[in-house]
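Novice: Quick one, my_file_24.tsv (TSV, C-alpha atoms):
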chain	number	residue	atom	x	y	z
A	341	MET	CA	115.14	89.49	72.37
A	342	GLU	CA	118.07	90.60	74.46
A	343	ILE	CA	118.54	89.60	78.06
A	344	TYR	CA	117.43	93.14	79.05
A	345	ASP	CA	114.07	92.72	77.39
A	346	ILE	CA	113.48	89.27	78.85
A	347	LEU	CA	114.29	90.53	82.35
A	348	PHE	CA	112.04	93.56	81.81
A	349	TRP	CA	109.03	91.43	80.89
A	350	VAL	CA	109.59	88.92	83.69
A	351	LEU	CA	109.98	91.63	86.35
A	352	SER	CA	106.96	93.53	85.01
A	353	ALA	CA	104.80	90.42	85.13
A	354	VAL	CA	105.88	89.72	88.71
A	355	ALA	CA	105.28	93.34	89.76
A	356	VAL	CA	101.82	93.60	88.23
A	357	SER	CA	100.58	90.20	89.40
A	358	CYS	CA	101.82	90.81	92.95
A	359	ALA	CA	100.22	94.28	92.92
A	360	LEU	CA	96.94	92.62	91.96
A	361	GLY	CA	97.51	90.17	94.80
A	362	VAL	CA	97.81	93.09	97.23
A	363	ILE	CA	94.38	94.44	96.46
A	364	LEU	CA	92.61	91.11	95.92
A	365	SER	CA	93.76	88.95	98.83
A	366	ARG	CA	91.40	88.84	101.77
A	367	ASN	CA	94.03	88.37	104.47
A	368	PRO	CA	95.98	91.56	105.31
A	369	VAL	CA	99.15	89.57	106.07
A	370	ASN	CA	99.07	88.13	102.54
A	371	SER	CA	98.65	91.66	101.20
A	372	VAL	CA	101.79	92.77	103.02
A	373	LEU	CA	103.78	89.82	101.68
A	374	PHE	CA	102.58	90.50	98.12
A	375	LEU	CA	103.57	94.14	98.50
A	376	ILE	CA	107.06	93.11	99.60
A	377	LEU	CA	107.34	90.95	96.46
A	378	THR	CA	106.23	93.93	94.36
A	379	PHE	CA	108.96	96.06	95.93
A	380	PHE	CA	111.54	93.39	95.15
A	381	ALA	CA	110.43	93.35	91.51
A	382	ILE	CA	110.68	97.15	91.36
A	383	SER	CA	114.16	96.93	92.88
A	384	GLY	CA	115.04	94.51	90.07
A	385	HIS	CA	113.91	97.17	87.60
A	386	TYR	CA	116.18	99.69	89.35
A	387	ILE	CA	119.17	97.37	89.04
A	388	LEU	CA	118.31	96.86	85.37
A	389	MET	CA	118.41	100.63	84.89
A	390	ASN	CA	121.78	101.04	86.65
A	391	ALA	CA	120.31	102.64	89.78
A	392	GLN	CA	122.06	100.31	92.19
A	393	PHE	CA	121.97	102.67	95.17
A	394	LEU	CA	118.22	103.17	94.87
A	395	ALA	CA	117.68	99.43	94.51
A	396	ILE	CA	119.47	98.77	97.80
A	397	VAL	CA	117.71	101.67	99.54
A	398	ASN	CA	114.37	100.45	98.23
A	399	ILE	CA	114.95	96.99	99.69
A	400	ILE	CA	116.29	98.27	103.01
A	401	VAL	CA	113.82	101.10	103.60
A	402	TYR	CA	110.64	99.77	101.98
A	403	ALA	CA	110.83	95.99	102.19
A	404	GLY	CA	112.90	96.03	105.36
A	405	ALA	CA	111.56	98.84	107.51
A	406	ILE	CA	108.20	100.07	106.30
A	407	MET	CA	106.66	96.70	105.56
A	408	VAL	CA	107.88	95.26	108.86
A	409	LEU	CA	106.14	98.21	110.54
A	410	PHE	CA	102.95	97.28	108.68
A	411	LEU	CA	103.30	93.64	109.71
A	412	PHE	CA	103.80	94.63	113.33
A	413	VAL	CA	100.69	96.79	113.34
A	414	ILE	CA	98.60	94.06	111.69
A	415	MET	CA	99.74	91.46	114.19
A	416	LEU	CA	99.26	93.90	117.06
A	417	MET	CA	95.63	94.33	116.05
A	418	ASN	CA	95.15	90.63	115.41
A	419	LEU	CA	93.70	91.30	111.98
A	420	ASN	CA	95.08	88.12	110.44
A	421	ALA	CA	91.70	86.44	110.66
A	422	ASP	CA	89.30	87.09	107.82
A	423	VAL	CA	87.10	89.37	109.82
A	424	GLU	CA	87.33	92.35	107.53
A	425	PRO	CA	83.97	93.64	106.39
A	426	GLN	CA	83.74	93.95	102.64
A	427	LYS	CA	82.31	96.77	100.64
A	428	GLY	CA	79.25	96.04	98.57
A	429	GLN	CA	79.65	94.60	95.10
A	430	LEU	CA	78.46	97.82	93.52
A	431	VAL	CA	81.05	99.95	95.31
A	432	GLN	CA	83.81	97.53	94.37
A	433	LEU	CA	82.70	97.57	90.75
A	434	ALA	CA	82.65	101.37	90.81
A	435	GLY	CA	86.19	101.39	92.17
A	436	VAL	CA	87.44	99.07	89.45
A	437	ILE	CA	85.68	101.06	86.74
A	438	SER	CA	87.03	104.42	87.91
A	439	GLY	CA	90.55	103.04	88.22
A	440	GLY	CA	90.30	101.48	84.77
A	441	ILE	CA	89.00	104.71	83.28
A	442	LEU	CA	91.95	106.60	84.76
A	443	PHE	CA	94.27	104.01	83.22
A	444	LEU	CA	92.65	104.34	79.79
A	445	VAL	CA	92.62	108.14	79.85
A	446	VAL	CA	96.30	108.48	80.76
A	447	LEU	CA	97.18	105.74	78.28
A	448	ALA	CA	95.34	107.55	75.49
A	449	ALA	CA	97.13	110.76	76.45
A	450	ILE	CA	100.60	109.24	76.22
A	451	LYS	CA	99.93	106.92	73.27
A	452	THR	CA	101.19	109.37	70.70
A	453	ALA	CA	104.35	110.27	72.65
A	454	LYS	CA	107.55	109.62	70.77
A	455	PRO	CA	109.27	106.58	72.31
A	456	GLU	CA	112.68	107.44	73.69
A	457	ILE	CA	115.31	104.79	73.07
A	458	MET	CA	116.80	103.38	76.25
A	459	ASP	CA	120.58	103.38	76.29
A	460	LYS	CA	121.34	99.85	77.43
A	461	THR	CA	125.01	100.46	78.12
A	462	SER	CA	125.95	100.71	81.76
A	463	THR	CA	126.37	104.20	83.16
A	464	GLY	CA	127.74	105.37	86.49
A	465	ILE	CA	125.04	107.90	87.40
A	466	GLY	CA	123.31	105.59	89.86
A	467	LEU	CA	126.38	104.89	91.96
A	468	ILE	CA	126.73	106.24	95.48
A	469	GLU	CA	129.72	108.39	94.57
A	470	ASN	CA	127.92	110.31	91.88
A	471	LEU	CA	124.63	110.62	93.74
A	472	GLY	CA	126.39	111.72	96.92
A	473	LYS	CA	128.20	114.50	95.10
A	474	VAL	CA	124.93	115.86	93.71
A	475	LEU	CA	123.11	115.37	97.02
A	476	PHE	CA	125.65	117.29	99.07
A	477	THR	CA	126.16	120.14	96.59
A	478	LYS	CA	122.95	120.85	94.71
A	479	TYR	CA	120.41	119.36	97.10
A	480	VAL	CA	122.02	119.97	100.46
A	481	LEU	CA	119.21	122.21	101.74
A	482	PRO	CA	116.39	119.70	100.99
A	483	PHE	CA	118.57	117.03	102.59
A	484	GLU	CA	118.82	118.98	105.84
A	485	ILE	CA	115.13	119.84	105.77
A	486	SER	CA	114.27	116.16	105.35
A	487	SER	CA	116.21	115.40	108.52
A	488	VAL	CA	114.04	117.94	110.36
A	489	LEU	CA	110.99	116.26	108.80
A	490	PHE	CA	112.13	112.90	110.13
A	491	LEU	CA	112.63	114.32	113.60
A	492	SER	CA	109.18	115.91	113.66
A	493	ALA	CA	107.58	112.71	112.29
A	494	MET	CA	109.28	110.69	115.02
A	495	ILE	CA	108.09	113.05	117.76
A	496	GLY	CA	104.63	113.18	116.22
A	497	ALA	CA	104.32	109.40	116.06
A	498	MET	CA	105.40	109.09	119.70
A	499	VAL	CA	102.96	111.77	120.86
A	500	ILE	CA	100.07	110.24	118.90
A	501	GLY	CA	100.84	106.70	119.94
A	502	LYS	CA	101.22	107.51	123.61
A	503	LYS	CA	98.70	105.95	125.94
A	504	GLU	CA	96.24	108.67	126.82
A	505	GLU	CA	95.41	109.21	130.42
A	506	THR	CA	91.75	109.67	131.12
A	507	LYS	CA	90.52	111.89	133.88
A	508	PRO	CA	87.06	111.33	135.33
A	509	LEU	CA	84.75	114.07	134.16
A	510	ASN	CA	82.43	113.61	137.03
A	511	PRO	CA	83.78	111.80	140.10
A	512	LYS	CA	80.43	110.09	140.76
A	513	THR	CA	80.08	108.51	137.35
A	514	ASP	CA	83.12	106.78	136.00
A	515	GLU	CA	82.88	108.50	132.66
A	516	GLY	CA	86.25	109.65	131.45
A	517	TYR	CA	87.09	112.23	128.89
A	518	ILE	CA	90.16	112.64	126.79
A	519	LYS	CA	92.53	115.32	127.93
B	33	MET	CA	110.52	95.43	69.87
B	34	PRO	CA	113.20	96.60	72.29
B	35	VAL	CA	112.22	98.15	75.58
B	36	ASN	CA	111.81	101.93	75.38
B	37	SER	CA	110.26	104.70	77.43
B	38	THR	CA	106.70	103.77	76.42
B	39	HIS	CA	107.02	100.39	78.14
B	40	TYR	CA	107.99	102.04	81.41
B	41	LEU	CA	105.17	104.58	81.09
B	42	PHE	CA	102.72	101.72	80.53
B	43	LEU	CA	104.01	99.73	83.50
B	44	SER	CA	103.97	102.72	85.84
B	45	ILE	CA	100.45	103.75	84.89
B	46	LEU	CA	99.28	100.16	85.34
B	47	LEU	CA	100.77	99.97	88.85
B	48	PHE	CA	99.35	103.39	89.72
B	49	SER	CA	95.87	102.40	88.54
B	50	ILE	CA	96.03	99.18	90.55
B	51	GLY	CA	96.87	101.30	93.60
B	52	ILE	CA	93.90	103.61	92.91
B	53	MET	CA	91.58	100.62	92.48
B	54	GLY	CA	92.74	99.14	95.76
B	55	ALA	CA	92.27	102.40	97.62
B	56	LEU	CA	88.71	102.65	96.29
B	57	MET	CA	87.77	98.99	96.77
B	58	ARG	CA	88.94	98.13	100.25
B	59	ARG	CA	87.63	99.23	103.63
B	60	ASN	CA	90.63	98.28	105.73
B	61	ALA	CA	92.63	101.42	106.54
B	62	ILE	CA	95.94	99.52	106.51
B	63	ILE	CA	95.33	98.12	103.01
B	64	ILE	CA	94.50	101.62	101.78
B	65	PHE	CA	97.82	102.81	103.20
B	66	MET	CA	99.60	100.01	101.36
B	67	CYS	CA	97.92	101.02	98.11
B	68	ILE	CA	99.25	104.55	98.61
B	69	GLU	CA	102.75	103.07	98.97
B	70	LEU	CA	102.17	101.18	95.72
B	71	MET	CA	101.26	104.41	93.92
B	72	LEU	CA	104.38	106.14	95.28
B	73	ASN	CA	106.50	103.28	93.99
B	74	ALA	CA	104.93	103.46	90.54
B	75	VAL	CA	105.95	107.13	90.35
B	76	ASN	CA	109.46	106.29	91.61
B	77	LEU	CA	109.86	103.69	88.87
B	78	LEU	CA	108.97	106.21	86.17
B	79	LEU	CA	111.38	108.80	87.62
B	80	VAL	CA	114.23	106.29	87.57
B	81	ALA	CA	113.37	105.26	84.00
B	82	PHE	CA	113.56	108.84	82.76
B	83	SER	CA	116.72	109.42	84.76
B	84	LYS	CA	118.23	106.52	82.82
B	85	ILE	CA	116.97	107.79	79.46
B	86	TYR	CA	118.26	111.33	79.88
B	87	GLY	CA	121.35	110.46	81.93
B	88	ASP	CA	120.39	112.85	84.73
B	89	PRO	CA	121.04	111.98	88.40
B	90	ASP	CA	118.57	114.60	89.74
B	91	ALA	CA	115.58	112.30	89.23
B	92	GLN	CA	117.20	109.58	91.34
B	93	LEU	CA	117.64	112.08	94.17
B	94	PHE	CA	113.97	112.98	93.84
B	95	VAL	CA	113.19	109.29	94.31
B	96	PHE	CA	115.39	109.35	97.40
B	97	PHE	CA	113.43	112.28	98.85
B	98	ILE	CA	110.12	110.59	98.02
B	99	MET	CA	111.28	107.57	100.04
B	100	VAL	CA	112.16	109.86	102.97
B	101	VAL	CA	108.73	111.48	102.92
B	102	ALA	CA	107.00	108.11	102.54
B	103	ALA	CA	108.84	106.69	105.55
B	104	SER	CA	107.82	109.56	107.82
B	105	GLU	CA	104.28	109.49	106.44
B	106	VAL	CA	103.96	105.79	107.24
B	107	ALA	CA	105.24	106.30	110.78
B	108	VAL	CA	102.68	109.01	111.55
B	109	GLY	CA	99.87	107.30	109.65
B	110	LEU	CA	100.29	103.97	111.40
B	111	ALA	CA	100.37	105.77	114.75
B	112	ILE	CA	97.04	107.37	113.85
B	113	ILE	CA	95.60	103.98	112.82
B	114	VAL	CA	96.75	102.39	116.08
B	115	MET	CA	95.15	105.21	118.06
B	116	MET	CA	91.93	104.83	116.08
B	117	TYR	CA	91.97	101.09	116.76
B	118	ARG	CA	92.26	101.79	120.47
B	119	LYS	CA	89.22	104.04	120.36
B	120	VAL	CA	86.81	102.14	118.12
B	121	HIS	CA	88.40	98.64	118.07
B	122	SER	CA	88.29	98.46	114.30
B	123	VAL	CA	90.22	99.70	111.27
B	124	ASP	CA	87.12	99.90	109.13
B	125	ILE	CA	87.04	103.33	107.49
B	126	ASN	CA	83.25	103.32	107.20
B	127	ILE	CA	83.05	103.82	110.96
B	128	LEU	CA	84.88	107.12	110.66
B	129	ASN	CA	81.93	109.16	109.43
B	130	ARG	CA	81.19	111.25	112.50
B	131	LEU	CA	82.18	114.48	110.77
B	132	LYS	CA	79.38	113.82	108.27
B	133	HIS	CA	76.59	114.46	110.76
Mind turning the file's structure into structure tokens?

Specialist:
Amino acid sequence: MEIYDILFWVLSAVAVSCALGVILSRNPVNSVLFLILTFFAISGHYILMNAQFLAIVNIIVYAGAIMVLFLFVIMLMNLNADVEPQKGQLVQLAGVISGGILFLVVLAAIKTAKPEIMDKTSTGIGLIENLGKVLFTKYVLPFEISSVLFLSAMIGAMVIGKKEETKPLNPKTDEGYIK
Amino acid sequence: MPVNSTHYLFLSILLFSIGIMGALMRRNAIIIFMCIELMLNAVNLLLVAFSKIYGDPDAQLFVFFIMVVAASEVAVGLAIIVMMYRKVHSVDINILNRLKH
């Protein structure tokens, strides 16, 4: 067993057990914390595969920004008490069975695939220099389009999240309707 | 047995299936969103693994674009969930069945 293999198994065990923690824990705050741990384990996999830039971006964007957004929303709604209604046992069992069947089907489909040997030597393709060159030559149009996507998502989130003013439908009754 | 592409395929499919199970099992809209993030990350992991095997940087840029789309999706989706919470004071997805009738 090389150090690569040991690290692979440890990080995989952490990722899978924390992913199970996400879907099994009753408290939404615990789910968010488990998901952050899963993202850290996946970032460890990226570092193992010489994708250093993606590992850093994964930690900054996912664990740093997106999950903090989730935590803010959960605390804003005061969902940290165990007030969540549960689905019935039958529906939960059906969910587990259909997920497990998907797992088995895809596993059976790829079982006969020829295993590709991983080259364990360090390569420079995951460094910022190399990725930046490809990003700004081959993929410069998708890059610019993604900036437009970000802008429209930002405007959309602000428009949706804005407090709606209600106008009385009928001045006698106080019933409001949404503009 | 040294780590090869089959191990990464196995791990990614396992994470993806856990995400599917979570999305089917839970009723909290925020948890379902988190399971979708988990599935996106499983796909990202497989893309990076094959980028390493074939020595191709394009797959890593695809992962970068997936992260961009996921970030904007989460911003809009959480705004929708907050708005829904303001209207019905719950994030239970079983309440949202008015289009059924």

Novice: Counting only C-alpha atoms, collect the residues of chain B whose closest atom lies at most 8 Å from chain A, and write them out as an NGL selection string.

Specialist: :B and (33-38 or 42-43 or 45-47 or 49-54 or 56-60 or 62-63 or 66-67 or 70 or 73 or 77 or 80-81 or 84-85 or 87-90 or 92-93 or 95-97 or 99-101 or 103-108 or 110-112 or 114-115 or 117 or 124)

Novice: Interatomic distance between CA of Met415 (chain A) and CA of Phe380 (chain A)?

Specialist: 22.5 Å

Novice: What does the distance from CA of Gln392 (chain A) to CA of Phe476 (chain A) come to in Å, to one decimal?

Specialist: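 Here the two named atoms are 18.7 Å from each other.
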
Novice: Separation of CA of Ile400 (chain A) and CA of Ile376 (chain A), in Å?

Specialist: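 One can read the CA of Ile400 (chain A) to CA of Ile376 (chain A) distance as 11.1 Å.
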
Novice: Please, what is the axis-aligned box for every listed atom of region 439-449 of chain A with 6 Å on each side, as centre and edge lengths in Å to one decimal, as lines of an AutoDock Vina configuration file?

Specialist:
center_x = 93.1
center_y = 106.1
center_z = 81.9
size_x = 20.2
size_y = 21.3
size_z = 24.7

Novice: Please fill the gaps in region 50-67 of chain B so it has N, CA, C and O atoms, and write that as a compact mmCIF listing (two decimals), keeping the file's coordinate frame.

Specialist:
# COMPACT_ATOMS: atom_id res chain seq x y z
N ILE B 50 96.35 100.26 89.60
CA ILE B 50 96.03 99.18 90.55
C ILE B 50 95.98 99.74 91.97
O ILE B 50 95.09 99.38 92.76
N GLY B 51 96.91 100.68 92.28
CA GLY B 51 96.87 101.30 93.60
C GLY B 51 95.59 102.09 93.82
O GLY B 51 94.97 102.01 94.88
N ILE B 52 95.15 102.84 92.79
CA ILE B 52 93.90 103.61 92.91
C ILE B 52 92.72 102.67 93.13
O ILE B 52 91.87 102.89 94.00
N MET B 53 92.68 101.58 92.33
CA MET B 53 91.58 100.62 92.48
C MET B 53 91.53 100.05 93.89
O MET B 53 90.47 99.94 94.51
N GLY B 54 92.71 99.70 94.41
CA GLY B 54 92.74 99.14 95.76
C GLY B 54 92.26 100.13 96.79
O GLY B 54 91.51 99.78 97.71
N ALA B 55 92.68 101.40 96.65
CA ALA B 55 92.27 102.40 97.62
C ALA B 55 90.77 102.63 97.57
O ALA B 55 90.15 102.95 98.57
N LEU B 56 90.15 102.44 96.38
CA LEU B 56 88.71 102.65 96.29
C LEU B 56 87.92 101.42 96.71
O LEU B 56 86.79 101.52 97.16
N MET B 57 88.53 100.22 96.54
CA MET B 57 87.77 98.99 96.77
C MET B 57 87.73 98.56 98.22
O MET B 57 86.74 98.01 98.67
N ARG B 58 88.83 98.76 98.94
CA ARG B 58 88.94 98.13 100.25
C ARG B 58 88.45 99.05 101.36
O ARG B 58 88.41 100.28 101.19
N ARG B 59 88.07 98.44 102.48
CA ARG B 59 87.63 99.23 103.63
C ARG B 59 88.63 99.22 104.76
O ARG B 59 88.48 99.95 105.73
N ASN B 60 89.63 98.37 104.67
CA ASN B 60 90.63 98.28 105.73
C ASN B 60 91.62 99.43 105.57
O ASN B 60 92.21 99.62 104.52
N ALA B 61 91.79 100.22 106.65
CA ALA B 61 92.63 101.42 106.54
C ALA B 61 94.07 101.06 106.23
O ALA B 61 94.77 101.78 105.52
N ILE B 62 94.54 99.91 106.73
CA ILE B 62 95.94 99.52 106.51
C ILE B 62 96.16 99.17 105.04
O ILE B 62 97.18 99.52 104.44
N ILE B 63 95.19 98.48 104.43
CA ILE B 63 95.33 98.12 103.01
C ILE B 63 95.34 99.38 102.16
O ILE B 63 96.07 99.47 101.17
N ILE B 64 94.53 100.38 102.54
CA ILE B 64 94.50 101.62 101.78
C ILE B 64 95.86 102.31 101.86
O ILE B 64 96.38 102.82 100.87
N PHE B 65 96.47 102.26 103.06
CA PHE B 65 97.82 102.81 103.20
C PHE B 65 98.80 102.10 102.29
O PHE B 65 99.66 102.72 101.65
N MET B 66 98.68 100.77 102.20
CA MET B 66 99.60 100.01 101.36
C MET B 66 99.40 100.35 99.89
O MET B 66 100.37 100.40 99.12
N CYS B 67 98.15 100.62 99.50
CA CYS B 67 97.92 101.02 98.11
C CYS B 67 98.56 102.36 97.82
O CYS B 67 99.06 102.59 96.71
